[in-house]
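Engineer: Below you'll find upload-v9.pdb; it's PDB, C-alpha atoms.
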```
ATOM      1  CA  MET A 213    -167.043 -31.447  56.414  1.00  0.00           C
ATOM      2  CA  ARG A 214    -164.130 -31.974  54.007  1.00  0.00           C
ATOM      3  CA  GLY A 215    -162.386 -34.213  56.535  1.00  0.00           C
ATOM      4  CA  LYS A 216    -165.476 -36.391  56.921  1.00  0.00           C
ATOM      5  CA  LEU A 217    -165.876 -36.690  53.161  1.00  0.00           C
ATOM      6  CA  GLU A 218    -162.201 -37.492  52.743  1.00  0.00           C
ATOM      7  CA  LYS A 219    -162.484 -40.267  55.341  1.00  0.00           C
ATOM      8  CA  ARG A 220    -165.625 -41.571  53.648  1.00  0.00           C
ATOM      9  CA  PHE A 221    -163.990 -41.774  50.211  1.00  0.00           C
ATOM     10  CA  PHE A 222    -160.922 -43.425  51.747  1.00  0.00           C
ATOM     11  CA  TYR A 223    -163.149 -45.948  53.526  1.00  0.00           C
ATOM     12  CA  LEU A 224    -165.041 -46.694  50.309  1.00  0.00           C
ATOM     13  CA  TYR A 225    -162.045 -47.148  48.026  1.00  0.00           C
ATOM     14  CA  THR A 226    -160.059 -49.238  50.514  1.00  0.00           C
ATOM     15  CA  GLY A 227    -163.163 -51.255  51.363  1.00  0.00           C
ATOM     16  CA  GLU A 228    -163.809 -52.127  47.724  1.00  0.00           C
ATOM     17  CA  ALA A 229    -160.149 -53.030  47.149  1.00  0.00           C
ATOM     18  CA  MET A 230    -159.965 -55.143  50.305  1.00  0.00           C
ATOM     19  CA  ALA A 231    -163.206 -56.914  49.411  1.00  0.00           C
ATOM     20  CA  ALA A 232    -161.738 -57.884  46.041  1.00  0.00           C
ATOM     21  CA  VAL A 233    -158.597 -59.274  47.698  1.00  0.00           C
ATOM     22  CA  ILE A 234    -160.525 -61.077  50.440  1.00  0.00           C
ATOM     23  CA  PHE A 235    -162.982 -62.635  47.956  1.00  0.00           C
ATOM     24  CA  PHE A 236    -160.041 -63.896  45.905  1.00  0.00           C
ATOM     25  CA  ILE A 237    -158.453 -65.479  48.996  1.00  0.00           C
ATOM     26  CA  ILE A 238    -161.760 -66.977  50.105  1.00  0.00           C
ATOM     27  CA  SER A 239    -162.374 -68.482  46.665  1.00  0.00           C
ATOM     28  CA  PHE A 240    -158.905 -70.068  46.754  1.00  0.00           C
ATOM     29  CA  ILE A 241    -159.473 -71.503  50.234  1.00  0.00           C
ATOM     30  CA  TRP A 242    -162.952 -72.784  49.340  1.00  0.00           C
ATOM     31  CA  ASN A 243    -161.596 -74.456  46.233  1.00  0.00           C
ATOM     32  CA  LYS A 244    -158.933 -76.230  48.327  1.00  0.00           C
ATOM     33  CA  VAL A 245    -161.051 -77.127  51.348  1.00  0.00           C
ATOM     34  CA  PHE A 246    -164.229 -77.967  49.438  1.00  0.00           C
ATOM     35  CA  ALA A 247    -162.721 -79.506  46.315  1.00  0.00           C
ATOM     36  CA  HIS A 248    -165.877 -81.590  45.798  1.00  0.00           C
ATOM     37  CA  LEU A 249    -167.743 -78.381  44.872  1.00  0.00           C
ATOM     38  CA  HIS A 250    -165.609 -78.111  41.701  1.00  0.00           C
ATOM     39  CA  LEU A 251    -165.753 -74.313  41.871  1.00  0.00           C
ATOM     40  CA  TYR A 252    -162.662 -73.765  39.732  1.00  0.00           C
ATOM     41  CA  SER A 253    -164.049 -76.201  37.140  1.00  0.00           C
ATOM     42  CA  LEU A 254    -167.318 -74.280  36.676  1.00  0.00           C
ATOM     43  CA  PHE A 255    -167.531 -71.717  33.884  1.00  0.00           C
ATOM     44  CA  SER A 256    -170.408 -70.091  35.762  1.00  0.00           C
ATOM     45  CA  PHE A 257    -168.192 -69.600  38.804  1.00  0.00           C
ATOM     46  CA  TRP A 258    -165.413 -67.973  36.789  1.00  0.00           C
ATOM     47  CA  ILE A 259    -167.629 -65.577  34.828  1.00  0.00           C
ATOM     48  CA  SER A 260    -169.581 -64.570  37.962  1.00  0.00           C
ATOM     49  CA  PHE A 261    -166.437 -64.234  40.043  1.00  0.00           C
ATOM     50  CA  PHE A 262    -164.690 -62.211  37.351  1.00  0.00           C
ATOM     51  CA  LEU A 263    -167.720 -59.902  37.078  1.00  0.00           C
ATOM     52  CA  LEU A 264    -167.751 -59.328  40.843  1.00  0.00           C
ATOM     53  CA  GLU A 265    -164.004 -58.695  41.019  1.00  0.00           C
ATOM     54  CA  PHE A 266    -164.164 -56.420  37.964  1.00  0.00           C
ATOM     55  CA  LEU A 267    -166.962 -54.377  39.555  1.00  0.00           C
ATOM     56  CA  LEU A 268    -165.117 -54.099  42.866  1.00  0.00           C
ATOM     57  CA  PHE A 269    -162.036 -52.886  40.999  1.00  0.00           C
ATOM     58  CA  GLN A 270    -164.136 -50.240  39.200  1.00  0.00           C
ATOM     59  CA  GLY A 271    -165.659 -49.120  42.496  1.00  0.00           C
ATOM     60  CA  SER A 272    -162.234 -48.859  44.072  1.00  0.00           C
ATOM     61  CA  VAL A 273    -160.893 -46.786  41.168  1.00  0.00           C
ATOM     62  CA  TYR A 274    -163.937 -44.509  41.287  1.00  0.00           C
ATOM     63  CA  TRP A 275    -163.724 -43.815  45.021  1.00  0.00           C
ATOM     64  CA  PHE A 276    -159.921 -43.495  44.892  1.00  0.00           C
ATOM     65  CA  ALA A 277    -160.224 -40.848  42.155  1.00  0.00           C
ATOM     66  CA  LYS A 278    -162.744 -38.898  44.223  1.00  0.00           C
ATOM     67  CA  TRP A 279    -160.580 -39.193  47.356  1.00  0.00           C
ATOM     68  CA  LYS A 280    -157.412 -38.153  45.544  1.00  0.00           C
ATOM     69  CA  ARG A 281    -159.103 -35.169  43.908  1.00  0.00           C
ATOM     70  CA  LEU A 282    -160.623 -34.011  47.186  1.00  0.00           C
ATOM     71  CA  LYS A 283    -157.227 -34.270  48.877  1.00  0.00           C
ATOM     72  CA  LYS A 284    -155.275 -32.470  46.154  1.00  0.00           C
ATOM     73  CA  GLU A 285    -157.771 -30.049  44.626  1.00  0.00           C
ATOM     74  CA  ASN A 286    -160.302 -29.621  47.440  1.00  0.00           C
ATOM     75  CA  THR A 287    -163.217 -30.719  45.240  1.00  0.00           C
ATOM     76  CA  ALA A 288    -165.270 -33.921  45.361  1.00  0.00           C
ATOM     77  CA  ILE A 289    -166.213 -33.748  41.690  1.00  0.00           C
ATOM     78  CA  THR A 290    -165.088 -36.907  39.922  1.00  0.00           C
ATOM     79  CA  PRO A 291    -162.542 -36.297  37.150  1.00  0.00           C
ATOM     80  CA  ALA A 292    -164.262 -36.403  33.746  1.00  0.00           C
ATOM     81  CA  TYR A 293    -161.827 -38.942  32.290  1.00  0.00           C
ATOM     82  CA  ILE A 294    -162.707 -41.411  35.081  1.00  0.00           C
ATOM     83  CA  VAL A 295    -166.426 -40.948  34.464  1.00  0.00           C
ATOM     84  CA  HIS A 296    -165.987 -41.447  30.710  1.00  0.00           C
ATOM     85  CA  ARG A 297    -163.902 -44.591  31.205  1.00  0.00           C
ATOM     86  CA  LEU A 298    -166.418 -46.053  33.610  1.00  0.00           C
ATOM     87  CA  LYS A 299    -169.232 -45.226  31.203  1.00  0.00           C
ATOM     88  CA  ASN A 300    -167.384 -47.171  28.482  1.00  0.00           C
ATOM     89  CA  ILE A 301    -166.654 -50.053  30.861  1.00  0.00           C
ATOM     90  CA  LYS A 302    -170.349 -50.187  31.789  1.00  0.00           C
ATOM     91  CA  LYS A 303    -170.980 -51.850  28.398  1.00  0.00           C
ATOM     92  CA  TRP A 304    -168.569 -54.642  29.314  1.00  0.00           C
ATOM     93  CA  ASN A 305    -170.310 -55.111  32.653  1.00  0.00           C
ATOM     94  CA  THR A 306    -173.621 -55.503  30.839  1.00  0.00           C
ATOM     95  CA  LEU A 307    -172.081 -58.037  28.454  1.00  0.00           C
ATOM     96  CA  PHE A 308    -170.758 -60.143  31.356  1.00  0.00           C
ATOM     97  CA  ILE A 309    -174.147 -59.947  33.094  1.00  0.00           C
ATOM     98  CA  ILE A 310    -175.851 -61.231  29.932  1.00  0.00           C
ATOM     99  CA  ILE A 311    -173.284 -63.982  29.252  1.00  0.00           C
ATOM    100  CA  SER A 312    -173.281 -65.366  32.801  1.00  0.00           C
ATOM    101  CA  PRO A 313    -176.620 -67.254  32.684  1.00  0.00           C
ATOM    102  CA  PHE A 314    -175.432 -69.043  29.543  1.00  0.00           C
ATOM    103  CA  MET A 315    -172.388 -70.272  31.460  1.00  0.00           C
ATOM    104  CA  PHE A 316    -174.701 -71.813  34.055  1.00  0.00           C
ATOM    105  CA  PHE A 317    -176.458 -73.668  31.243  1.00  0.00           C
ATOM    106  CA  VAL A 318    -173.101 -74.786  29.804  1.00  0.00           C
ATOM    107  CA  ASP A 319    -172.113 -76.126  33.233  1.00  0.00           C
ATOM    108  CA  LEU A 320    -175.393 -78.008  33.576  1.00  0.00           C
ATOM    109  CA  VAL A 321    -174.916 -79.674  30.185  1.00  0.00           C
ATOM    110  CA  ARG A 322    -171.195 -80.304  30.727  1.00  0.00           C
ATOM    111  CA  TRP A 323    -171.568 -81.880  34.165  1.00  0.00           C
ATOM    112  CA  TYR A 324    -174.811 -83.784  33.593  1.00  0.00           C
ATOM    113  CA  PRO A 325    -175.760 -86.113  35.297  1.00  0.00           C
ATOM    114  CA  SER A 326    -173.379 -85.452  38.215  1.00  0.00           C
ATOM    115  CA  VAL A 327    -173.901 -81.688  38.383  1.00  0.00           C
ATOM    116  CA  PRO A 328    -172.097 -80.100  41.381  1.00  0.00           C
ATOM    117  CA  ALA A 329    -175.255 -78.337  42.576  1.00  0.00           C
ATOM    118  CA  THR A 330    -173.684 -76.670  45.628  1.00  0.00           C
ATOM    119  CA  GLY A 331    -170.930 -75.216  43.448  1.00  0.00           C
ATOM    120  CA  LEU A 332    -173.575 -73.869  41.072  1.00  0.00           C
ATOM    121  CA  TYR A 333    -175.476 -72.366  44.012  1.00  0.00           C
ATOM    122  CA  ILE A 334    -172.321 -70.599  45.150  1.00  0.00           C
ATOM    123  CA  ALA A 335    -171.710 -69.341  41.597  1.00  0.00           C
ATOM    124  CA  GLY A 336    -175.339 -68.194  41.504  1.00  0.00           C
ATOM    125  CA  PHE A 337    -174.945 -66.330  44.784  1.00  0.00           C
ATOM    126  CA  ILE A 338    -171.815 -64.610  43.444  1.00  0.00           C
ATOM    127  CA  TYR A 339    -173.692 -63.708  40.248  1.00  0.00           C
ATOM    128  CA  VAL A 340    -176.596 -62.161  42.177  1.00  0.00           C
ATOM    129  CA  PHE A 341    -174.165 -60.306  44.443  1.00  0.00           C
ATOM    130  CA  ALA A 342    -172.338 -58.962  41.375  1.00  0.00           C
ATOM    131  CA  ILE A 343    -175.620 -57.747  39.849  1.00  0.00           C
ATOM    132  CA  LEU A 344    -176.466 -55.966  43.108  1.00  0.00           C
ATOM    133  CA  GLU A 345    -173.010 -54.339  43.064  1.00  0.00           C
ATOM    134  CA  TYR A 346    -173.598 -53.277  39.454  1.00  0.00           C
ATOM    135  CA  ILE A 347    -176.948 -51.715  40.367  1.00  0.00           C
ATOM    136  CA  ASN A 348    -175.388 -50.052  43.430  1.00  0.00           C
ATOM    137  CA  TYR A 349    -172.571 -48.487  41.379  1.00  0.00           C
ATOM    138  CA  PHE A 350    -174.280 -47.616  38.122  1.00  0.00           C
ATOM    139  CA  HIS A 351    -177.963 -47.032  38.906  1.00  0.00           C
ATOM    140  CA  ILE A 352    -179.423 -46.886  42.408  1.00  0.00           C
ATOM    141  CA  GLN A 353    -177.602 -46.724  45.730  1.00  0.00           C
ATOM    142  CA  LEU A 354    -178.409 -49.947  47.586  1.00  0.00           C
ATOM    143  CA  SER A 355    -175.883 -49.581  50.402  1.00  0.00           C
ATOM    144  CA  TYR A 356    -176.982 -47.339  53.263  1.00  0.00           C
ATOM    145  CA  ASP A 357    -174.277 -47.666  55.881  1.00  0.00           C
ATOM    146  CA  ASN A 358    -174.127 -44.290  57.577  1.00  0.00           C
ATOM    147  CA  PHE A 359    -176.432 -42.003  59.520  1.00  0.00           C
ATOM    148  CA  SER A 360    -176.833 -39.455  56.727  1.00  0.00           C
ATOM    149  CA  ASP A 361    -177.897 -42.091  54.198  1.00  0.00           C
ATOM    150  CA  MET A 362    -180.311 -43.715  56.658  1.00  0.00           C
ATOM    151  CA  LYS A 363    -181.810 -40.339  57.522  1.00  0.00           C
ATOM    152  CA  TYR A 364    -182.373 -39.604  53.808  1.00  0.00           C
ATOM    153  CA  LEU A 365    -183.942 -43.027  53.260  1.00  0.00           C
ATOM    154  CA  LEU A 366    -186.308 -42.713  56.213  1.00  0.00           C
ATOM    155  CA  LYS A 367    -187.290 -39.154  55.319  1.00  0.00           C
ATOM    156  CA  SER A 368    -187.777 -39.539  51.562  1.00  0.00           C
ATOM    157  CA  LYS A 369    -188.821 -43.217  51.571  1.00  0.00           C
ATOM    158  CA  LYS A 370    -187.006 -43.738  48.275  1.00  0.00           C
ATOM    159  CA  LEU A 371    -183.610 -44.942  47.188  1.00  0.00           C
ATOM    160  CA  LYS A 372    -180.956 -42.468  46.043  1.00  0.00           C
ATOM    161  CA  LYS A 373    -179.356 -42.382  42.622  1.00  0.00           C
ATOM    162  CA  SER A 374    -175.853 -43.796  42.747  1.00  0.00           C
ATOM    163  CA  CYS A 375    -172.999 -41.287  42.797  1.00  0.00           C
ATOM    164  CA  LEU A 376    -171.669 -42.643  39.517  1.00  0.00           C
ATOM    165  CA  ARG A 377    -175.068 -42.276  37.862  1.00  0.00           C
ATOM    166  CA  LYS A 378    -175.147 -38.636  38.992  1.00  0.00           C
ATOM    167  CA  ASP A 379    -171.707 -38.208  37.444  1.00  0.00           C
ATOM    168  CA  PHE A 380    -172.939 -39.761  34.172  1.00  0.00           C
ATOM    169  CA  GLU A 381    -175.882 -37.340  34.134  1.00  0.00           C
ATOM    170  CA  ARG A 382    -173.598 -34.396  34.979  1.00  0.00           C
ATOM    171  CA  LEU A 383    -171.337 -35.091  32.007  1.00  0.00           C
ATOM    172  CA  GLY A 384    -174.073 -36.221  29.638  1.00  0.00           C
TER     173      GLY A 384
END
```
Take the structure I supplied and represent it as structure tokens, if you would.
Structural biologist:
Amino acid sequence: MRGKLEKRFFYLYTGEAMAAVIFFIISFIWNKVFAHLHLYSLFSFWISFFLLEFLLFQGSVYWFAKWKRLKKENTAITPAYIVHRLKNIKKWNTLFIIISPFMFFVDLVRWYPSVPATGLYIAGFIYVFAILEYINYFHIQLSYDNFSDMKYLLKSKKLKKSCLRKDFERLG
């Protein structure tokens, strides 16, 4: 059981870290290959992209802390200082989520009448993806990628609380 959990935490923290790196590389390539989209010129792209990368970094830190603790101390309980830091950072996530739509408006005004619509759609997709990541980390588990999770979902017919939310409730 411990070995499976250790592998799971390792998979989660490396997956989040690799996703952040890959998204950065993809954004660079897209900006070069599809320069007409003006991605790097859009405020909405930058705020949405930063939010997504910031969330992936937080997820990676969270799962790394759980993995490291399980390996060294044989417990899967998240260290309290990590939970407290993530709880404080949650306020910043909310601020970026609130600010992002205003950046889309700024881009519309700034680029009018030749608004790079496809670039805004991509920024919008990134923004929605970031919000789903935020919900997945801080509120309700949206990712069900293993047999145990699928079994729970089919049996209970409801979504699970996220692990981080359980940690927040545990520490008050």
Engineer: When you count all atoms listed in the file, which of these residues is closest to Leu332 of chain A: A:Leu383, A:Leu254, A:Ile294, A:Leu224?
Structural biologist: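 Of the candidates, the smallest distance to Leu332 of chain A is held by A:Leu254.
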Engineer: Once the PyMOL selection byres ((chain A and resi 365-381) around 7) has been applied to the shown file, what residues remain in the selection, as number ranges by chain?
Structural biologist: A: 295, 348-353, 361-364, 382-384
Engineer: I need the output of the PyMOL selection byres ((chain A and resi 293) around 12) for this file as a PyMOL selection string; which residues are they?
Structural biologist: chain A and resi 273-274+277-278+289-292+294-300+379-380+383
Engineer: To one decimal place, how far is atom CA of Ser256 of chain A from atom CA of Ser272 of chain A in Å?
Structural biologist: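 One can read the atom CA of Ser256 of chain A to atom CA of Ser272 of chain A distance as 24.2 Å.
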Engineer: Quick check on the file I pasted: which residues fall under the PyMOL selection byres ((chain A and resi 338-343) around 12)? Write them as number ranges by chain.
Structural biologist: A: 232, 235, 239, 251, 255-269, 271, 305-313, 315-316, 331-337, 344-352, 354
Engineer: Work out how far apart atom CA of Leu320 of chain A and atom CA of Ser253 of chain A are and give it in Å to one decimal.
Structural biologist: 12.0 Å
Engineer: If we count only C-alpha atoms, what is near Arg214 of chain A at a cut-off of 9 Å, once residues fewer than 6 positions away on the same chain are taken out, given as a ChimeraX atom specification?
Structural biologist: /A:282-283,286-288
Engineer: Between atom CA of Trp323 of chain A and atom CA of Tyr252 of chain A, measure the distance and give it in Å to one decimal.
Structural biologist: 13.3 Å
Engineer: Find the residues near Phe276 of chain A: any atom within 8 Å, counting all atoms listed in the file, skip ones fewer than 3 places away on the same chain, and give them as a PDB file with C-alpha atoms, in the frame of the given file.
Structural biologist:
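Output below, filename selection.pdb:
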```pdb
ATOM      1  CA  PHE A 221    -163.990 -41.774  50.211  1.00  0.00           C
ATOM      2  CA  PHE A 222    -160.922 -43.425  51.747  1.00  0.00           C
ATOM      3  CA  TYR A 225    -162.045 -47.148  48.026  1.00  0.00           C
ATOM      4  CA  SER A 272    -162.234 -48.859  44.072  1.00  0.00           C
ATOM      5  CA  VAL A 273    -160.893 -46.786  41.168  1.00  0.00           C
ATOM      6  CA  TRP A 279    -160.580 -39.193  47.356  1.00  0.00           C
ATOM      7  CA  LYS A 280    -157.412 -38.153  45.544  1.00  0.00           C
TER       8      LYS A 280
END
```
Engineer: Report, as AutoDock Vina command-line options, the centre and edge lengths in Å (one decimal) of the axis-aligned box enclosing every listed atom of segment 217-223 of chain A, padded by 8 Å on each side.
Structural biologist:
```
--center_x -163.4 --center_y -41.3 --center_z 52.8 --size_x 21.0 --size_y 25.3 --size_z 21.1
```
